[in-house]
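> The following file, structure.txt, comprises compact mmCIF, C-alpha atoms:
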# COMPACT_ATOMS: atom_id res chain seq x y z
CA MET T 29 91.33 125.18 96.10
CA ASN T 30 87.91 126.61 96.86
CA LYS T 31 86.62 129.58 98.78
CA MET T 32 86.76 127.72 102.12
CA ASP T 33 90.29 126.35 101.83
CA LEU T 34 92.48 129.18 103.17
CA GLU T 35 92.18 128.88 106.94
CA ASN T 36 95.09 126.98 108.54
CA GLN T 37 96.53 126.18 105.12
CA LYS T 38 100.28 126.49 104.60
CA VAL T 39 100.77 128.92 101.69
CA LEU T 40 103.90 130.28 100.01
CA VAL T 41 103.85 133.81 98.53
CA ALA T 42 106.46 134.34 95.80
CA GLY T 43 107.46 137.92 94.97
CA LEU T 44 107.55 140.52 97.72
CA GLY T 45 106.48 143.62 95.81
CA LYS T 46 103.19 145.49 96.16
CA SER T 47 101.06 142.62 94.87
CA GLY T 48 102.85 139.97 96.92
CA MET T 49 102.55 141.89 100.16
CA ALA T 50 98.83 142.53 99.59
CA ALA T 51 98.39 138.77 99.05
CA TYR T 52 100.36 138.13 102.25
CA GLU T 53 98.10 140.43 104.28
CA LEU T 54 94.93 138.80 102.91
CA LEU T 55 96.22 135.30 103.66
CA LYS T 56 97.13 136.31 107.20
CA ASN T 57 93.67 137.77 107.72
CA LYS T 58 92.14 134.52 106.49
CA GLY T 59 94.14 132.45 108.95
CA ALA T 60 96.61 130.90 106.52
CA LYS T 61 100.14 129.96 107.61
CA VAL T 62 102.21 132.07 105.24
CA SER T 63 105.84 131.83 104.16
CA LEU T 64 107.49 134.33 101.81
CA PHE T 65 109.92 133.91 98.90
CA ASP T 66 111.81 136.34 96.68
CA GLY T 67 114.50 135.63 94.10
CA LYS T 68 116.60 138.62 95.25
CA LYS T 69 119.20 137.23 97.64
CA ASP T 70 120.08 140.63 99.11
CA LEU T 71 116.52 141.76 99.89
CA ASP T 72 116.03 143.42 103.28
CA VAL T 73 113.66 141.08 105.12
CA SER T 74 113.52 142.94 108.43
CA GLY T 75 109.97 143.64 109.49
CA TYR T 76 108.36 140.57 107.92
CA ASP T 77 106.31 138.60 110.43
CA ALA T 78 106.70 135.31 108.53
CA PRO T 79 109.43 132.89 107.44
CA VAL T 80 111.30 134.38 104.46
CA PHE T 81 113.32 132.48 101.85
CA LEU T 82 115.60 134.31 99.42
CA GLY T 83 117.24 133.16 96.21
CA LYS T 84 116.08 129.53 96.19
CA MET T 85 114.30 126.90 98.25
CA THR T 86 115.06 123.23 98.71
CA LYS T 87 112.48 120.53 98.07
CA GLU T 88 112.45 119.87 101.80
CA GLU T 89 111.59 123.50 102.49
CA LEU T 90 108.81 123.35 99.87
CA GLY T 91 107.19 120.27 101.39
CA GLY T 92 103.76 120.69 102.92
CA PHE T 93 102.53 123.79 101.11
CA ALA T 94 98.89 123.66 100.01
CA CYS T 95 99.63 126.14 97.22
CA ALA T 96 101.95 128.92 96.13
CA VAL T 97 100.73 132.42 95.23
CA PHE T 98 102.92 133.95 92.50
CA SER T 99 103.00 137.72 92.03
CA PRO T 100 102.48 138.80 88.38
CA GLY T 101 106.14 139.74 87.98
CA VAL T 102 107.35 136.25 88.89
CA PRO T 103 107.70 134.13 85.71
CA LEU T 104 106.33 130.59 85.63
CA ASP T 105 109.54 129.14 84.18
CA ILE T 106 111.81 129.81 87.18
CA ASP T 107 113.30 126.88 89.13
CA LEU T 108 110.90 127.39 92.01
CA ALA T 109 107.91 126.89 89.71
CA SER T 110 109.37 123.67 88.28
CA GLU T 111 110.03 122.31 91.76
CA LEU T 112 106.51 123.16 92.92
CA ARG T 113 105.06 121.31 89.92
CA GLU T 114 107.22 118.26 90.66
CA LEU T 115 105.74 118.25 94.15
CA ASN T 116 102.20 118.70 92.75
CA ILE T 117 101.80 121.98 94.64
CA PRO T 118 99.34 124.25 92.77
CA ILE T 119 100.52 127.68 91.64
CA ILE T 120 97.91 130.44 91.63
CA GLY T 121 98.17 134.20 91.27
CA GLU T 122 97.04 137.19 93.29
CA ILE T 123 93.93 137.59 91.10
CA GLU T 124 92.90 133.97 91.70
CA LEU T 125 93.59 134.27 95.44
CA ALA T 126 91.40 137.35 95.70
CA PHE T 127 88.61 135.72 93.70
CA LEU T 128 88.52 132.87 96.22
CA CYS T 129 87.41 135.50 98.74
CA GLU T 130 85.08 137.48 96.44
CA LYS T 131 81.46 137.95 97.62
CA GLY T 132 80.12 140.09 94.77
CA VAL T 133 80.33 140.10 90.99
CA VAL T 134 83.38 140.86 88.86
CA ALA T 135 83.97 142.56 85.52
CA GLY T 136 87.33 141.60 84.03
CA ILE T 137 89.04 143.72 81.36
CA THR T 138 92.10 142.69 79.38
CA GLY T 139 93.74 143.44 76.04
CA THR T 140 97.12 144.68 74.90
CA ASN T 141 96.11 148.34 74.97
CA GLY T 142 93.32 150.47 76.41
CA LYS T 143 92.86 148.46 79.61
CA THR T 144 93.53 151.27 82.06
CA THR T 145 91.30 153.84 80.34
CA THR T 146 88.46 151.35 79.94
CA THR T 147 88.76 150.02 83.48
CA THR T 148 88.82 153.52 84.93
CA LEU T 149 85.78 154.56 82.91
CA VAL T 150 83.83 151.40 83.85
CA GLY T 151 84.71 152.09 87.49
CA GLU T 152 83.43 155.67 87.26
CA ILE T 153 80.18 154.56 85.62
CA MET T 154 79.59 151.86 88.23
CA LYS T 155 80.30 154.30 91.09
CA ALA T 156 77.57 156.57 89.71
CA TYR T 157 75.12 153.66 89.94
CA LYS T 158 76.17 151.53 92.92
CA GLU T 159 77.53 152.23 96.38
CA LYS T 160 80.09 149.43 96.63
CA VAL T 161 82.48 149.43 93.68
CA PHE T 162 86.15 148.42 93.69
CA VAL T 163 88.59 149.15 90.84
CA VAL T 164 91.53 146.77 91.10
CA GLY T 165 94.23 144.74 89.39
CA ASN T 166 96.86 145.83 86.90
CA ILE T 167 95.63 149.40 87.29
CA GLY T 168 97.81 149.59 90.41
CA ASN T 169 95.44 148.63 93.24
CA PRO T 170 95.91 144.96 94.24
CA TYR T 171 92.70 142.94 94.14
CA THR T 172 93.73 141.21 97.38
CA LYS T 173 93.83 144.60 99.12
CA GLU T 174 90.14 145.31 98.42
CA VAL T 175 88.39 141.95 98.25
CA GLU T 176 87.58 141.66 101.97
CA LYS T 177 85.37 144.75 101.56
CA SER T 178 83.28 143.01 98.89
CA ALA T 179 79.66 142.11 99.54
CA ALA T 180 76.78 140.37 97.80
CA ASP T 181 75.77 143.67 96.20
CA SER T 182 79.26 144.91 95.27
CA VAL T 183 80.94 145.10 91.87
CA THR T 184 84.67 144.65 91.36
CA VAL T 185 86.10 146.08 88.13
CA ALA T 186 89.45 144.41 87.42
CA GLU T 187 92.10 145.34 84.88
CA ILE T 188 93.89 142.08 84.19
CA SER T 189 97.23 141.66 82.44
CA SER T 190 98.47 138.57 80.63
CA PHE T 191 100.88 137.96 83.53
CA GLN T 192 97.90 137.81 85.89
CA LEU T 193 95.84 135.60 83.58
CA GLU T 194 98.60 132.97 83.51
CA THR T 195 97.71 131.96 87.06
CA ILE T 196 93.91 132.02 87.18
CA ASP T 197 91.96 128.83 87.87
CA THR T 198 88.39 129.54 89.05
CA PHE T 199 88.33 133.27 88.29
CA HIS T 200 84.92 133.97 86.75
CA PRO T 201 83.86 137.46 85.63
CA VAL T 202 80.17 137.87 84.80
CA VAL T 203 81.29 140.22 82.05
CA SER T 204 84.71 140.24 80.43
CA ALA T 205 86.29 142.32 77.70
CA VAL T 206 89.25 141.66 75.41
CA LEU T 207 89.93 145.03 73.83
CA ASN T 208 92.59 143.98 71.30
CA ILE T 209 95.57 141.65 70.92
CA THR T 210 98.82 142.86 69.37
CA PRO T 211 102.39 141.64 69.98
CA ASP T 212 103.60 142.37 73.51
CA HIS T 213 105.48 140.65 76.34
CA LEU T 214 106.91 138.07 73.96
CA ASN T 215 110.03 137.91 76.13
CA ARG T 216 107.75 136.32 78.75
CA HIS T 217 105.19 134.39 76.68
CA LYS T 218 107.71 133.33 73.98
CA THR T 219 105.19 133.03 71.13
CA MET T 220 102.26 135.07 69.88
CA GLU T 221 100.10 131.94 70.02
CA GLU T 222 100.74 131.57 73.74
CA TYR T 223 100.10 135.27 74.37
CA ILE T 224 96.75 134.99 72.58
CA ARG T 225 95.84 131.84 74.51
CA VAL T 226 96.55 133.53 77.82
CA LYS T 227 94.56 136.64 76.93
CA LEU T 228 91.52 134.63 75.82
CA SER T 229 91.61 132.55 79.01
CA ILE T 230 89.73 135.37 80.76
CA THR T 231 86.57 133.71 79.38
CA LYS T 232 87.38 130.11 80.29
CA ASN T 233 85.04 129.92 83.31
CA GLN T 234 82.27 132.04 81.84
CA THR T 235 78.89 130.51 80.95
CA LYS T 236 76.07 131.30 78.54
CA GLU T 237 74.62 133.71 81.12
CA ASP T 238 77.83 135.78 81.02
CA LEU T 239 79.09 138.24 78.41
CA CYS T 240 82.39 138.88 76.64
CA VAL T 241 82.91 142.20 74.85
CA LEU T 242 85.25 142.02 71.84
CA ASN T 243 86.79 144.34 69.26
CA TYR T 244 85.31 143.45 65.87
CA GLU T 245 88.31 144.99 64.07
CA ASP T 246 90.72 142.51 65.69
CA ASP T 247 90.85 139.44 63.43
CA VAL T 248 91.97 137.13 66.24
CA LEU T 249 89.10 138.18 68.50
CA ARG T 250 86.47 138.07 65.77
CA ASP T 251 87.57 134.57 64.77
CA SER T 252 87.74 133.39 68.39
CA ALA T 253 84.24 134.56 69.29
CA LYS T 254 82.51 131.40 68.09
CA GLU T 255 84.65 129.25 70.40
CA MET T 256 83.83 131.20 73.55
CA PRO T 257 81.58 129.61 76.21
CA CYS T 258 79.63 132.84 76.81
CA GLU T 259 77.51 135.37 74.96
CA VAL T 260 79.61 137.70 72.79
CA THR T 261 79.01 141.27 71.70
CA PHE T 262 81.26 143.53 69.62
CA PHE T 263 82.32 147.12 69.18
CA SER T 264 83.80 148.59 65.99
CA SER T 265 85.43 151.93 65.25
CA LYS T 266 85.63 151.22 61.51
CA GLN T 267 82.35 149.81 60.21
CA LYS T 268 78.68 149.18 60.79
CA ILE T 269 78.11 145.86 62.55
CA ALA T 270 74.99 143.87 63.44
CA ASN T 271 75.70 143.16 67.12
CA GLY T 272 76.92 145.68 69.67
CA LEU T 273 78.10 149.27 69.10
CA TYR T 274 79.91 150.95 66.25
CA GLN T 275 81.32 154.34 65.28
CA ASN T 276 79.86 155.75 62.07
CA ASP T 277 81.48 158.08 59.53
CA ASN T 278 80.39 161.10 61.57
CA LYS T 279 82.20 159.69 64.63
CA ASP T 280 78.86 159.00 66.37
CA ILE T 281 78.51 155.93 68.60
CA VAL T 282 75.56 153.90 67.33
CA ASP T 283 73.61 151.01 68.87
CA ALA T 284 73.79 148.30 66.20
CA LYS T 285 70.42 146.72 67.04
CA THR T 286 68.30 149.87 67.25
CA GLY T 287 70.26 152.26 65.03
CA GLU T 288 70.05 154.86 67.82
CA VAL T 289 72.89 157.37 68.09
CA LEU T 290 74.04 157.15 71.71
CA MET T 291 76.77 159.79 71.54
CA SER T 292 77.65 162.38 68.93
CA GLU T 293 80.75 163.74 70.61
CA CYS T 294 83.73 162.00 72.18
CA ASN T 295 85.77 164.15 74.55
CA LEU T 296 88.80 161.85 74.31
CA PRO T 297 90.97 162.04 71.16
CA GLY T 298 91.43 159.14 68.73
CA ASP T 299 89.49 156.12 67.48
CA HIS T 300 91.17 154.00 70.18
CA ASN T 301 89.42 156.06 72.86
CA CYS T 302 86.11 155.67 71.07
CA GLU T 303 86.73 151.91 71.23
CA ASN T 304 87.43 152.16 74.97
CA ILE T 305 84.20 154.12 75.48
CA MET T 306 82.13 151.61 73.48
CA ALA T 307 83.60 148.73 75.49
CA ALA T 308 82.79 150.53 78.74
CA ILE T 309 79.20 151.15 77.61
CA LEU T 310 78.70 147.48 76.71
CA ILE T 311 80.24 146.26 79.98
CA THR T 312 78.20 148.53 82.22
CA ARG T 313 74.99 147.94 80.28
CA LYS T 314 75.41 144.23 81.01
CA LEU T 315 75.82 145.14 84.69
CA GLY T 316 72.43 146.84 84.67
CA VAL T 317 73.38 150.49 84.55
CA PRO T 318 70.76 152.68 82.82
CA MET T 319 71.97 154.25 79.58
CA ASP T 320 71.36 157.81 80.76
CA THR T 321 73.67 157.21 83.74
CA ILE T 322 76.31 155.63 81.50
CA LEU T 323 76.29 158.48 79.00
CA SER T 324 76.29 161.17 81.70
CA VAL T 325 79.54 159.78 83.12
CA VAL T 326 81.13 159.15 79.72
CA LYS T 327 80.54 162.73 78.57
CA LYS T 328 82.36 164.11 81.63
CA PHE T 329 85.23 161.61 81.59
CA GLN T 330 88.74 162.96 81.09
CA ALA T 331 91.92 161.24 79.87
CA VAL T 332 93.68 158.90 82.29
CA GLU T 333 97.02 160.05 83.66
CA HIS T 334 99.96 158.97 81.46
CA ARG T 335 97.70 158.19 78.46
CA VAL T 336 97.99 161.04 75.91
CA GLU T 337 97.71 163.35 78.91
CA PHE T 338 98.03 167.06 78.15
CA VAL T 339 100.69 168.52 80.44
CA LYS T 340 101.30 172.16 79.51
CA THR T 341 101.81 174.64 76.71
CA VAL T 342 105.27 176.23 76.82
CA ARG T 343 106.17 179.00 74.33
CA GLY T 344 103.42 177.83 71.99
CA VAL T 345 104.42 174.13 72.14
CA ASP T 346 101.98 171.55 73.60
CA TYR T 347 103.48 168.76 75.73
CA TYR T 348 101.76 165.37 76.09
CA ASN T 349 102.55 162.50 78.46
CA ASP T 350 101.82 159.09 76.96
CA SER T 351 104.15 157.08 79.20
CA LYS T 352 101.50 154.32 79.24
CA GLY T 353 102.43 153.69 75.59
CA THR T 354 104.64 150.78 76.63
CA ASN T 355 104.47 148.84 73.36
CA PRO T 356 104.44 149.82 69.67
CA ASP T 357 100.70 149.39 69.18
CA ALA T 358 99.87 151.58 72.17
CA ALA T 359 102.36 154.18 70.96
CA ILE T 360 100.74 154.13 67.50
CA LYS T 361 97.51 155.24 69.20
CA GLY T 362 99.43 158.10 70.81
CA ILE T 363 100.85 159.24 67.47
CA GLN T 364 97.44 159.03 65.83
CA SER T 365 96.08 161.38 68.50
CA MET T 366 98.45 164.14 67.42
CA SER T 367 97.18 166.75 64.94
CA LYS T 368 100.34 168.94 65.00
CA PRO T 369 103.94 168.44 63.87
CA THR T 370 105.39 166.37 66.71
CA VAL T 371 108.75 165.81 68.37
CA LEU T 372 108.43 162.24 69.61
CA ILE T 373 110.36 160.78 72.56
CA GLY T 374 110.68 157.00 72.41
CA GLY T 375 112.71 154.00 73.49
CA GLY T 376 113.31 152.07 76.69
CA TYR T 377 113.35 148.43 77.78
CA ASP T 378 113.15 145.79 75.06
CA LYS T 379 110.21 143.39 75.51
CA GLY T 380 111.02 141.56 72.30
CA GLY T 381 108.67 143.36 69.92
CA GLU T 382 109.33 144.96 66.54
CA PHE T 383 108.97 148.64 65.71
CA ASP T 384 108.19 148.64 61.96
CA GLU T 385 104.48 149.47 62.27
CA TRP T 386 105.22 152.19 64.83
CA ILE T 387 107.65 153.93 62.49
CA GLN T 388 105.26 153.49 59.57
CA SER T 389 102.47 155.15 61.59
CA PHE T 390 104.36 158.45 61.77
CA GLY T 391 102.72 159.48 58.49
CA GLY T 392 104.34 162.91 58.31
CA ARG T 393 103.33 163.80 61.88
CA VAL T 394 106.76 163.19 63.47
CA LYS T 395 109.31 165.91 62.65
CA LYS T 396 112.00 164.45 64.94
CA LEU T 397 112.36 161.22 66.92
CA LEU T 398 114.43 161.35 70.11
CA LEU T 399 115.56 157.87 71.21
CA MET T 400 116.77 156.66 74.61
CA GLY T 401 117.25 153.41 76.49
CA GLU T 402 118.42 149.96 75.42
CA THR T 403 116.14 149.85 72.35
CA LYS T 404 117.47 153.05 70.76
CA ASP T 405 119.84 151.29 68.33
CA LYS T 406 117.21 148.70 67.38
CA ILE T 407 114.62 151.42 66.70
CA ALA T 408 117.14 153.52 64.75
CA LYS T 409 117.96 150.58 62.47
CA THR T 410 114.28 149.98 61.84
CA ALA T 411 113.71 153.67 61.13
CA GLU T 412 116.57 153.79 58.60
CA LYS T 413 115.34 150.61 56.93
CA LEU T 414 111.97 152.32 56.45
CA GLY T 415 113.48 155.59 55.23
CA PHE T 416 112.98 157.67 58.40
CA THR T 417 116.26 159.36 59.35
CA ASP T 418 115.13 162.33 61.45
CA TYR T 419 116.21 160.83 64.77
CA GLU T 420 118.71 161.62 67.50
CA PHE T 421 119.98 159.72 70.53
CA VAL T 422 119.61 161.17 74.05
CA GLU T 423 120.96 159.78 77.29
CA SER T 424 118.10 160.63 79.64
CA LEU T 425 114.48 161.75 79.73
CA GLN T 426 115.63 165.11 81.07
CA GLU T 427 117.85 165.57 78.01
CA ALA T 428 115.00 164.46 75.75
CA VAL T 429 112.63 167.12 77.13
CA SER T 430 115.32 169.81 76.88
CA ARG T 431 116.20 168.81 73.32
CA GLY T 432 112.53 168.54 72.39
CA ALA T 433 112.00 172.12 73.54
CA GLU T 434 114.86 173.24 71.29
CA LEU T 435 113.55 171.36 68.25
CA ALA T 436 109.84 172.21 68.53
CA SER T 437 108.49 175.40 66.99
CA GLU T 438 105.42 177.36 68.05
CA GLY T 439 102.37 175.32 67.07
CA ASP T 440 104.19 171.97 67.42
CA ALA T 441 103.79 169.25 70.03
CA VAL T 442 106.27 167.23 72.08
CA LEU T 443 105.00 163.72 72.88
CA LEU T 444 106.45 161.15 75.26
CA SER T 445 105.16 157.86 73.84
CA PRO T 446 108.04 155.39 74.22
CA ALA T 447 106.69 152.18 72.59
CA CYS T 448 108.78 150.37 75.21
CA ALA T 449 108.60 149.41 78.86
CA SER T 450 110.13 151.70 81.47
CA TRP T 451 112.16 149.11 83.38
CA VAL T 452 115.88 149.65 84.02
CA MET T 453 115.66 153.43 83.48
CA PHE T 454 112.60 153.83 85.74
CA LYS T 455 110.66 151.82 88.33
CA ASN T 456 107.53 151.85 86.18
CA TYR T 457 105.72 153.85 83.51
CA GLU T 458 104.13 156.05 86.21
CA GLU T 459 107.53 157.23 87.43
CA ARG T 460 108.61 157.86 83.84
CA GLY T 461 105.48 159.94 83.23
CA ARG T 462 105.86 161.91 86.45
CA ILE T 463 109.50 162.75 85.66
CA PHE T 464 108.48 163.85 82.16
CA LYS T 465 105.86 166.18 83.62
CA GLU T 466 108.35 167.58 86.12
CA CYS T 467 110.81 168.28 83.32
CA VAL T 468 108.12 170.02 81.27
CA ASN T 469 106.98 172.11 84.22
CA ASN T 470 110.57 173.19 84.79
CA LEU T 471 111.07 174.50 81.22
Please render this file's structure as structure tokens.


Amino acid sequence: MNKMDLENQKVLVAGLGKSGMAAYELLKNKGAKVSLFDGKKDLDVSGYDAPVFLGKMTKEELGGFACAVFSPGVPLDIDLASELRELNIPIIGEIELAFLCEKGVVAGITGTNGKTTTTTLVGEIMKAYKEKVFVVGNIGNPYTKEVEKSAADSVTVAEISSFQLETIDTFHPVVSAVLNITPDHLNRHKTMEEYIRVKLSITKNQTKEDLCVLNYEDDVLRDSAKEMPCEVTFFSSKQKIANGLYQNDNKDIVDAKTGEVLMSECNLPGDHNCENIMAAILITRKLGVPMDTILSVVKKFQAVEHRVEFVKTVRGVDYYNDSKGTNPDAAIKGIQSMSKPTVLIGGGYDKGGEFDEWIQSFGGRVKKLLLMGETKDKIAKTAEKLGFTDYEFVESLQEAVSRGAELASEGDAVLLSPACASWVMFKNYEERGRIFKECVNNL
């Protein structure tokens, strides 16, 4: 499909959540003839002004569609996807659909961890420089909801997950970033090789005039740089490099080419946040933002909600909400941000990852681990294997906060950083974080 192909086309939208409904509204506005599908047979379909199919569709019902738009949560190995392929009906995603309608330029940010902080910071920097800026994607604001407001002089900053990258075709950011790649979502992607391939596909339509920002400390990204079709620049939190930005021993951010110290203080804790800041500087510099504007915004930027977010001090104990730590590597960053003895709340939905490195990262910081959700037994076995036995099981987040308050002494911290997805117990990580904060505020 191209940017002129939507009007009067028959299009199927699969997945009727937030992303799917935003895609539906855009397609309607563009004059497409839309039908809707969801795998839930008992879904309430009252109020939809379009044909709705639930559970499954026959090949006869699928005939005649120009394409199908899959929401990110709809896997590409379901029966519907196989049947669409047999009929040679293209499958695209909400990100691709929006890009077909894009009038401005796009910055695309992916990676296993750090996407939301980096995307938010890039958005804030761009808003300080340009009038029309849209922050969209996996951050919670569907791209299809905003794209009709785009213009020749607008910039769209998109946080893009691996689920969303599976279904891109022509999507072409003028600047992309891959912040890191560590094991995640293997229950969906099956192998690490496939997960890496999908993540790196953010660059597949870029050209030599475009830029990709990469983490020099990630072996996969460093090795992949030479195969990319675009210019590449790096950031490093561990060592001096020749191209890009790096953090020196004094925790300054240094321009590798000039040797100039750009920042001597980072107001966000942890090397991972320094990496996010360096990525944001490189992205916005490529987009033409003057360095004084970039640094002015960076110095005022505060932590993103649900990412090592300080909640409250209660009876001398600091409480932090890191509900966005939905995989072990992200949760390692949360632990590394703690400078006090910490009661850690973890566990949740099992995405197929392992927890060895997470447990090993405790490094004397964690005085007690409170485990909940379907992964609690798996994590406990890993902890025991590695010699960590200071754990307890809890049945709910409310119980975890209450028990954490009992276990923590004055001067300690209680950290929610689950290393697991929120599904089953909660709708999403945001709900989990909000409930945690409510529980803390009720202590």

> May I ask which of the residues T:Asn456, T:Asn304, T:Thr403, T:Thr172 is the closest one to His334 in chain T, counting all atoms listed in the file?

T:Asn456

> Report the distance between CA of Asp320 in chain T and CA of Lys361 in chain T in Å, rounded to one decimal place.

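Taking CA of Asp320 in chain T as the start and CA of Lys361 in chain T as the end point, the length is 28.7 Å.
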
> What does the structure give for the distance between CA of Lys314 in chain T and CA of Lys143 in chain T, in Å to one decimal?

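Result for CA of Lys314 in chain T versus CA of Lys143 in chain T: 18.0 Å, one decimal.
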
> Could you jot down the CA of Asp283 in chain T to CA of Ala308 in chain T separation for me, Å, one decimal place?

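Going from CA of Asp283 in chain T over to CA of Ala308 in chain T covers 13.5 Å.
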
> May I have the residues within 10 Å of His300 in chain T as a list in words, using only C-alpha atoms and disregarding those fewer than 4 positions away in the same chain?

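Those residues are Asn141, Gly142, Leu207, Ser265, Leu296, Asn304, Ile305, Met306, Ala358, Ile360, Lys361, Gly362, Gln364 and Ser365 of chain T.
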
> Excluding Lys69 in chain T and its own-chain neighbours fewer than 2 positions away, which residues fall within 7 Å of it when counting only C-alpha atoms? Please give them as number ranges by chain.

T: 67, 71, 82-83

> Taking into account all atoms listed in the file, which residue in the set T:Ala180, T:Ile153, T:Thr145, T:Gly136 is nearest to Asp238 in chain T?

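Among the listed residues, T:Gly136 lies closest to Asp238 in chain T.
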
> Go through T:Val73, T:Cys258, T:Ala135, T:Ile167 and flag the residue nearest Ser47 in chain T, using all atoms listed in the file for the distances.

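Using all atoms listed in the file, Ser47 in chain T sits closest to T:Ile167.
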
> I need the residue nearest Val248 in chain T from this list: T:Val97, T:Ile224, T:Leu54, T:Leu310. Use all atoms listed in the file for the distance.

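With all atoms listed in the file as the atom set, the closest residue is T:Ile224.
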
> Please identify all polymer residues within 9 Å of Lys327 in chain T, counting only C-alpha atoms, omitting same-chain residues fewer than 3 positions from it, and present them as a PyMOL selection string.

chain T and resi 291+293-295+322-324+330

> Which residues come within 10 Å of Val133 in chain T, counting only C-alpha atoms, excluding same-chain residues fewer than 6 positions away, as a ChimeraX atom specification?

/T:127,161,178-185,200-203,315
